[in-house]
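S.K.: You'll find data.pdb just under this line, and it carries PDB, C-alpha atoms.
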```
MODEL        1
ATOM      1  CA  MET X   1      66.693 103.886  89.766  1.00  0.00           C
ATOM      2  CA  VAL X   2      68.552 105.748  92.511  1.00  0.00           C
ATOM      3  CA  SER X   3      71.713 104.178  93.898  1.00  0.00           C
ATOM      4  CA  ARG X   4      71.954 102.964  97.490  1.00  0.00           C
ATOM      5  CA  HIS X   5      74.630 105.646  97.884  1.00  0.00           C
ATOM      6  CA  TYR X   6      72.125 108.443  97.311  1.00  0.00           C
ATOM      7  CA  ARG X   7      71.106 108.506 100.993  1.00  0.00           C
ATOM      8  CA  ARG X   8      74.513 110.046 101.811  1.00  0.00           C
ATOM      9  CA  VAL X   9      73.679 113.180  99.806  1.00  0.00           C
ATOM     10  CA  GLN X  10      69.887 113.240  99.805  1.00  0.00           C
ATOM     11  CA  ASP X  11      69.918 116.520 101.733  1.00  0.00           C
ATOM     12  CA  ARG X  12      72.047 118.180  99.014  1.00  0.00           C
ATOM     13  CA  ILE X  13      70.660 116.933  95.707  1.00  0.00           C
ATOM     14  CA  SER X  14      67.418 115.485  94.371  1.00  0.00           C
ATOM     15  CA  ALA X  15      67.164 111.808  93.513  1.00  0.00           C
ATOM     16  CA  GLU X  16      66.633 112.676  89.860  1.00  0.00           C
ATOM     17  CA  GLU X  17      69.750 114.875  89.748  1.00  0.00           C
ATOM     18  CA  PHE X  18      71.836 112.196  91.452  1.00  0.00           C
ATOM     19  CA  ASP X  19      70.564 109.519  89.051  1.00  0.00           C
ATOM     20  CA  ALA X  20      71.345 111.767  86.058  1.00  0.00           C
ATOM     21  CA  SER X  21      74.870 112.407  87.396  1.00  0.00           C
ATOM     22  CA  VAL X  22      75.422 108.649  87.760  1.00  0.00           C
ATOM     23  CA  LYS X  23      74.209 107.998  84.201  1.00  0.00           C
ATOM     24  CA  ASN X  24      76.477 110.772  82.906  1.00  0.00           C
ATOM     25  CA  LYS X  25      79.428 109.244  84.765  1.00  0.00           C
ATOM     26  CA  VAL X  26      78.746 105.823  83.225  1.00  0.00           C
ATOM     27  CA  ALA X  27      78.606 107.448  79.775  1.00  0.00           C
ATOM     28  CA  GLU X  28      81.764 109.468  80.469  1.00  0.00           C
ATOM     29  CA  TRP X  29      83.586 106.193  81.154  1.00  0.00           C
ATOM     30  CA  GLY X  30      82.244 104.618  77.969  1.00  0.00           C
ATOM     31  CA  GLY X  31      80.043 102.154  79.830  1.00  0.00           C
ATOM     32  CA  LEU X  32      82.990 100.614  81.666  1.00  0.00           C
ATOM     33  CA  LEU X  33      81.539 101.485  85.088  1.00  0.00           C
ATOM     34  CA  ASP X  34      78.553  99.887  86.728  1.00  0.00           C
ATOM     35  CA  THR X  35      76.114 102.195  88.513  1.00  0.00           C
ATOM     36  CA  ASP X  36      77.602 101.387  91.924  1.00  0.00           C
ATOM     37  CA  ALA X  37      81.101 102.504  90.884  1.00  0.00           C
ATOM     38  CA  ALA X  38      79.709 105.543  89.088  1.00  0.00           C
ATOM     39  CA  SER X  39      77.727 106.481  92.223  1.00  0.00           C
ATOM     40  CA  LEU X  40      80.921 106.401  94.281  1.00  0.00           C
ATOM     41  CA  LEU X  41      82.649 108.694  91.795  1.00  0.00           C
ATOM     42  CA  VAL X  42      79.730 111.125  91.947  1.00  0.00           C
ATOM     43  CA  LEU X  43      79.925 111.116  95.753  1.00  0.00           C
ATOM     44  CA  GLU X  44      83.674 111.833  95.620  1.00  0.00           C
ATOM     45  CA  GLU X  45      83.088 114.737  93.239  1.00  0.00           C
ATOM     46  CA  MET X  46      80.594 116.104  95.764  1.00  0.00           C
ATOM     47  CA  GLY X  47      83.265 115.954  98.475  1.00  0.00           C
ATOM     48  CA  VAL X  48      81.902 112.893 100.279  1.00  0.00           C
ATOM     49  CA  ASP X  49      84.496 110.509 101.717  1.00  0.00           C
ATOM     50  CA  VAL X  50      83.702 107.096 100.250  1.00  0.00           C
ATOM     51  CA  ALA X  51      86.508 105.062 101.798  1.00  0.00           C
ATOM     52  CA  GLU X  52      85.638 102.465 104.412  1.00  0.00           C
ATOM     53  CA  TRP X  53      87.982 103.077 107.334  1.00  0.00           C
ATOM     54  CA  THR X  54      88.964 100.310 109.732  1.00  0.00           C
ATOM     55  CA  PRO X  55      88.942 101.501 113.345  1.00  0.00           C
ATOM     56  CA  ILE X  56      92.455 101.221 114.783  1.00  0.00           C
ATOM     57  CA  ALA X  57      91.151  99.114 117.672  1.00  0.00           C
ATOM     58  CA  GLN X  58      90.020  96.489 115.130  1.00  0.00           C
ATOM     59  CA  LEU X  59      93.382  96.022 113.389  1.00  0.00           C
ATOM     60  CA  GLU X  60      94.400  92.379 112.979  1.00  0.00           C
ATOM     61  CA  GLU X  61      97.739  90.894 112.023  1.00  0.00           C
ATOM     62  CA  ASN X  62      98.185  90.036 108.321  1.00  0.00           C
ATOM     63  CA  ALA X  63      95.181  92.129 107.281  1.00  0.00           C
ATOM     64  CA  GLU X  64      94.981  94.693 104.501  1.00  0.00           C
ATOM     65  CA  VAL X  65      93.316  97.827 105.854  1.00  0.00           C
ATOM     66  CA  SER X  66      92.550 101.467 105.207  1.00  0.00           C
ATOM     67  CA  ILE X  67      92.874 103.663 108.279  1.00  0.00           C
ATOM     68  CA  ARG X  68      92.755 107.375 108.948  1.00  0.00           C
ATOM     69  CA  GLY X  69      94.029 109.146 112.009  1.00  0.00           C
ATOM     70  CA  GLU X  70      95.785 112.065 113.582  1.00  0.00           C
ATOM     71  CA  VAL X  71      99.562 111.956 113.806  1.00  0.00           C
ATOM     72  CA  VAL X  72     100.337 112.269 117.528  1.00  0.00           C
ATOM     73  CA  ALA X  73     104.059 111.425 117.398  1.00  0.00           C
ATOM     74  CA  ALA X  74     106.862 110.958 114.881  1.00  0.00           C
ATOM     75  CA  THR X  75     110.374 109.665 115.445  1.00  0.00           C
ATOM     76  CA  PRO X  76     113.353 111.451 113.906  1.00  0.00           C
ATOM     77  CA  VAL X  77     114.466 110.183 110.484  1.00  0.00           C
ATOM     78  CA  ARG X  78     116.857 107.278 110.963  1.00  0.00           C
ATOM     79  CA  GLU X  79     119.296 106.311 108.221  1.00  0.00           C
ATOM     80  CA  PHE X  80     120.840 102.869 108.012  1.00  0.00           C
ATOM     81  CA  VAL X  81     122.805 100.592 105.684  1.00  0.00           C
ATOM     82  CA  ARG X  82     121.126  97.402 104.468  1.00  0.00           C
ATOM     83  CA  GLN X  83     122.891  94.049 104.202  1.00  0.00           C
ATOM     84  CA  ASP X  84     123.315  94.613 100.461  1.00  0.00           C
ATOM     85  CA  GLY X  85     125.116  97.908 101.164  1.00  0.00           C
ATOM     86  CA  SER X  86     122.322 100.213 100.012  1.00  0.00           C
ATOM     87  CA  LYS X  87     121.193 103.061 102.235  1.00  0.00           C
ATOM     88  CA  GLY X  88     117.726 103.240 103.703  1.00  0.00           C
ATOM     89  CA  ARG X  89     115.653 105.596 105.822  1.00  0.00           C
ATOM     90  CA  VAL X  90     112.829 104.950 108.270  1.00  0.00           C
ATOM     91  CA  VAL X  91     110.417 106.977 110.391  1.00  0.00           C
ATOM     92  CA  ASN X  92     107.762 105.660 112.766  1.00  0.00           C
ATOM     93  CA  VAL X  93     104.627 107.714 113.324  1.00  0.00           C
ATOM     94  CA  THR X  94     101.905 107.112 115.875  1.00  0.00           C
ATOM     95  CA  LEU X  95      98.392 107.475 114.508  1.00  0.00           C
ATOM     96  CA  LYS X  96      95.328 107.991 116.702  1.00  0.00           C
ATOM     97  CA  ASP X  97      91.643 107.677 115.928  1.00  0.00           C
ATOM     98  CA  ALA X  98      88.623 107.580 118.258  1.00  0.00           C
ATOM     99  CA  THR X  99      89.273 103.902 119.068  1.00  0.00           C
ATOM    100  CA  GLY X 100      93.013 103.794 119.772  1.00  0.00           C
ATOM    101  CA  THR X 101      96.542 104.285 118.481  1.00  0.00           C
ATOM    102  CA  CYS X 102      98.901 102.349 116.228  1.00  0.00           C
ATOM    103  CA  ARG X 103     102.360 102.624 114.789  1.00  0.00           C
ATOM    104  CA  VAL X 104     102.776 103.343 111.071  1.00  0.00           C
ATOM    105  CA  VAL X 105     106.219 102.740 109.600  1.00  0.00           C
ATOM    106  CA  LEU X 106     107.414 104.873 106.690  1.00  0.00           C
ATOM    107  CA  TRP X 107     110.322 103.526 104.639  1.00  0.00           C
ATOM    108  CA  ASP X 108     112.685 105.218 102.189  1.00  0.00           C
ATOM    109  CA  ASP X 109     110.723 107.466  99.773  1.00  0.00           C
ATOM    110  CA  ASP X 110     107.774 107.720 102.191  1.00  0.00           C
ATOM    111  CA  VAL X 111     110.130 109.226 104.787  1.00  0.00           C
ATOM    112  CA  GLY X 112     110.059 112.334 102.596  1.00  0.00           C
ATOM    113  CA  LEU X 113     106.518 113.020 103.818  1.00  0.00           C
ATOM    114  CA  VAL X 114     107.963 113.777 107.258  1.00  0.00           C
ATOM    115  CA  ALA X 115     111.369 115.120 106.173  1.00  0.00           C
ATOM    116  CA  GLU X 116     109.758 117.645 103.787  1.00  0.00           C
ATOM    117  CA  GLY X 117     107.138 118.711 106.330  1.00  0.00           C
ATOM    118  CA  ARG X 118     104.065 117.444 104.470  1.00  0.00           C
ATOM    119  CA  LEU X 119     103.262 115.159 107.415  1.00  0.00           C
ATOM    120  CA  LYS X 120     103.684 116.454 110.958  1.00  0.00           C
ATOM    121  CA  VAL X 121     102.343 115.989 114.442  1.00  0.00           C
ATOM    122  CA  GLY X 122      98.801 117.340 114.531  1.00  0.00           C
ATOM    123  CA  GLY X 123      98.182 116.508 110.862  1.00  0.00           C
ATOM    124  CA  PHE X 124      96.120 113.630 109.538  1.00  0.00           C
ATOM    125  CA  LEU X 125      97.244 110.622 107.515  1.00  0.00           C
ATOM    126  CA  ARG X 126      95.194 108.283 105.373  1.00  0.00           C
ATOM    127  CA  CYS X 127      96.706 104.828 104.895  1.00  0.00           C
ATOM    128  CA  LEU X 128      94.936 103.120 101.986  1.00  0.00           C
ATOM    129  CA  ASP X 129      95.215  99.376 101.359  1.00  0.00           C
ATOM    130  CA  CYS X 130      98.103  99.024 103.787  1.00  0.00           C
ATOM    131  CA  PHE X 131      99.359  95.871 105.500  1.00  0.00           C
ATOM    132  CA  VAL X 132      99.234  95.094 109.219  1.00  0.00           C
ATOM    133  CA  ARG X 133     101.995  92.977 110.715  1.00  0.00           C
ATOM    134  CA  GLY X 134     102.888  91.916 114.207  1.00  0.00           C
ATOM    135  CA  THR X 135     106.202  93.024 115.695  1.00  0.00           C
ATOM    136  CA  LYS X 136     107.788  92.870 119.121  1.00  0.00           C
ATOM    137  CA  PHE X 137     106.332  96.382 119.584  1.00  0.00           C
ATOM    138  CA  GLY X 138     102.793  95.232 118.737  1.00  0.00           C
ATOM    139  CA  LEU X 139     100.878  95.696 115.518  1.00  0.00           C
ATOM    140  CA  GLU X 140     102.262  98.104 112.931  1.00  0.00           C
ATOM    141  CA  VAL X 141     100.890  99.329 109.630  1.00  0.00           C
ATOM    142  CA  GLY X 142     103.086  99.622 106.545  1.00  0.00           C
ATOM    143  CA  ARG X 143     102.370 100.767 102.988  1.00  0.00           C
ATOM    144  CA  GLY X 144     103.587  97.574 101.347  1.00  0.00           C
ATOM    145  CA  LYS X 145     103.664  97.261  97.558  1.00  0.00           C
ATOM    146  CA  PHE X 146     100.107  98.299  96.763  1.00  0.00           C
ATOM    147  CA  GLY X 147      99.176 100.750  99.525  1.00  0.00           C
ATOM    148  CA  ALA X 148      99.178 104.510  99.596  1.00  0.00           C
ATOM    149  CA  LEU X 149      99.988 107.035 102.297  1.00  0.00           C
ATOM    150  CA  LEU X 150      98.139 110.320 101.872  1.00  0.00           C
ATOM    151  CA  PRO X 151      98.709 113.208 104.275  1.00  0.00           C
ATOM    152  CA  GLU X 152      95.780 115.588 104.683  1.00  0.00           C
TER
ENDMDL
END
```
Go through the file and emit its structure as structure tokens.

M.R.:
Amino acid sequence: MVSRHYRRVQDRISAEEFDASVKNKVAEWGGLLDTDAASLLVLEEMGVDVAEWTPIAQLEENAEVSIRGEVVAATPVREFVRQDGSKGRVVNVTLKDATGTCRVVLWDDDVGLVAEGRLKVGGFLRCLDCFVRGTKFGLEVGRGKFGALLPE
């Protein structure tokens, strides 16, 4: 039985080959994957983006989202001292997709993405499982504890 995900690659591989790849993936994982998860892994191996991206225009406060966009602006690295005396760093980047723009805040270790040149204006950033919060500047996206920031 071919997965519902097959339609995304039906022009590149036969249904039988896709089904065999899914079965092999399930076996490779010792039966721990269901066919849906295995299908997604097969798609990723074929170079298909399987993430579900939230359009920036649809961001809502207190939501967990995955967004992808072009970096159109970045503030200089700002260093500060916290109330407990420890030092911190912050950078704000503006991300743009086809629906709008938003601010993404990078704290401490994530600032290295900009400081080391891995993330720059004109590049793309994927924010996976990040948190949206309301500020006096509008909505902003932050990595939080469980998110990931991946420059492309």

S.K.: With all atoms listed in the file as the atoms that count, which of X:Val9, X:Lys25, X:Asp84, X:Ala20 lies nearest to Gly47 (chain X)?

M.R.: X:Val9

S.K.: Work out how far apart CA of Gly112 (chain X) and CA of Thr54 (chain X) are and give it in Å to one decimal.

M.R.: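 Answer for the CA of Gly112 (chain X) to CA of Thr54 (chain X) separation: 25.3 Å.
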
S.K.: Using the chain letters and residue numbers of this document, give as a tab-separated table (two decimals) with C-alpha atoms, in the coordinates of the input the residues selected by the PyMOL selection byres ((chain X and resi 56-72) around 12).

M.R.:
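Contents of selection.tsv, freshly written:
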```
chain	number	residue	atom	x	y	z
X	49	ASP	CA	84.50	110.51	101.72
X	50	VAL	CA	83.70	107.10	100.25
X	51	ALA	CA	86.51	105.06	101.80
X	52	GLU	CA	85.64	102.46	104.41
X	53	TRP	CA	87.98	103.08	107.33
X	54	THR	CA	88.96	100.31	109.73
X	55	PRO	CA	88.94	101.50	113.34
X	73	ALA	CA	104.06	111.42	117.40
X	74	ALA	CA	106.86	110.96	114.88
X	75	THR	CA	110.37	109.66	115.44
X	92	ASN	CA	107.76	105.66	112.77
X	93	VAL	CA	104.63	107.71	113.32
X	94	THR	CA	101.90	107.11	115.88
X	95	LEU	CA	98.39	107.48	114.51
X	96	LYS	CA	95.33	107.99	116.70
X	97	ASP	CA	91.64	107.68	115.93
X	98	ALA	CA	88.62	107.58	118.26
X	99	THR	CA	89.27	103.90	119.07
X	100	GLY	CA	93.01	103.79	119.77
X	101	THR	CA	96.54	104.28	118.48
X	102	CYS	CA	98.90	102.35	116.23
X	103	ARG	CA	102.36	102.62	114.79
X	104	VAL	CA	102.78	103.34	111.07
X	114	VAL	CA	107.96	113.78	107.26
X	118	ARG	CA	104.06	117.44	104.47
X	119	LEU	CA	103.26	115.16	107.42
X	120	LYS	CA	103.68	116.45	110.96
X	121	VAL	CA	102.34	115.99	114.44
X	122	GLY	CA	98.80	117.34	114.53
X	123	GLY	CA	98.18	116.51	110.86
X	124	PHE	CA	96.12	113.63	109.54
X	125	LEU	CA	97.24	110.62	107.52
X	126	ARG	CA	95.19	108.28	105.37
X	127	CYS	CA	96.71	104.83	104.90
X	128	LEU	CA	94.94	103.12	101.99
X	129	ASP	CA	95.22	99.38	101.36
X	130	CYS	CA	98.10	99.02	103.79
X	131	PHE	CA	99.36	95.87	105.50
X	132	VAL	CA	99.23	95.09	109.22
X	133	ARG	CA	102.00	92.98	110.72
X	134	GLY	CA	102.89	91.92	114.21
X	135	THR	CA	106.20	93.02	115.70
X	138	GLY	CA	102.79	95.23	118.74
X	139	LEU	CA	100.88	95.70	115.52
X	140	GLU	CA	102.26	98.10	112.93
X	141	VAL	CA	100.89	99.33	109.63
X	142	GLY	CA	103.09	99.62	106.54
X	143	ARG	CA	102.37	100.77	102.99
X	144	GLY	CA	103.59	97.57	101.35
X	145	LYS	CA	103.66	97.26	97.56
X	146	PHE	CA	100.11	98.30	96.76
X	147	GLY	CA	99.18	100.75	99.52
X	148	ALA	CA	99.18	104.51	99.60
X	149	LEU	CA	99.99	107.04	102.30
X	150	LEU	CA	98.14	110.32	101.87
X	151	PRO	CA	98.71	113.21	104.28
X	152	GLU	CA	95.78	115.59	104.68
```

S.K.: Taking the file as I've supplied it (selection: the PyMOL selection byres ((chain X and resi 23) around 12)), which residues are included? Please answer as a list in words.

M.R.: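 Expected selection for the PyMOL selection byres ((chain X and resi 23) around 12) here is Met1, Val2, Ser3, Glu16, Glu17, Phe18, Asp19, Ala20, Ser21, Val22, Asn24, Lys25, Val26, Ala27, Glu28, Trp29, Gly30, Gly31, Leu32, Leu33, Asp34, Thr35, Asp36, Ala37, Ala38, Ser39, Leu41 and Val42 of chain X.
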
S.K.: To one decimal place in Å, what is the distance between CA of Val77 (chain X) and CA of Val91 (chain X)?

M.R.: 5.2 Å

S.K.: As an exercise, work out the distance from CA of Leu113 (chain X) to CA of Glu44 (chain X) in Å and give it to one decimal place.

M.R.: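 Those two atoms sit 24.3 Å apart.
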
S.K.: Could you check which of X:Arg78, X:Arg4, X:Arg89, X:Arg12 is closest to Val48 (chain X), using only C-alpha atoms?

M.R.: X:Arg12

S.K.: Expanded to explicit residues, what is the PyMOL selection byres ((chain X and resi 88) around 6) for this file, as a PyMOL selection string?

M.R.: chain X and resi 79-80+87+89+108
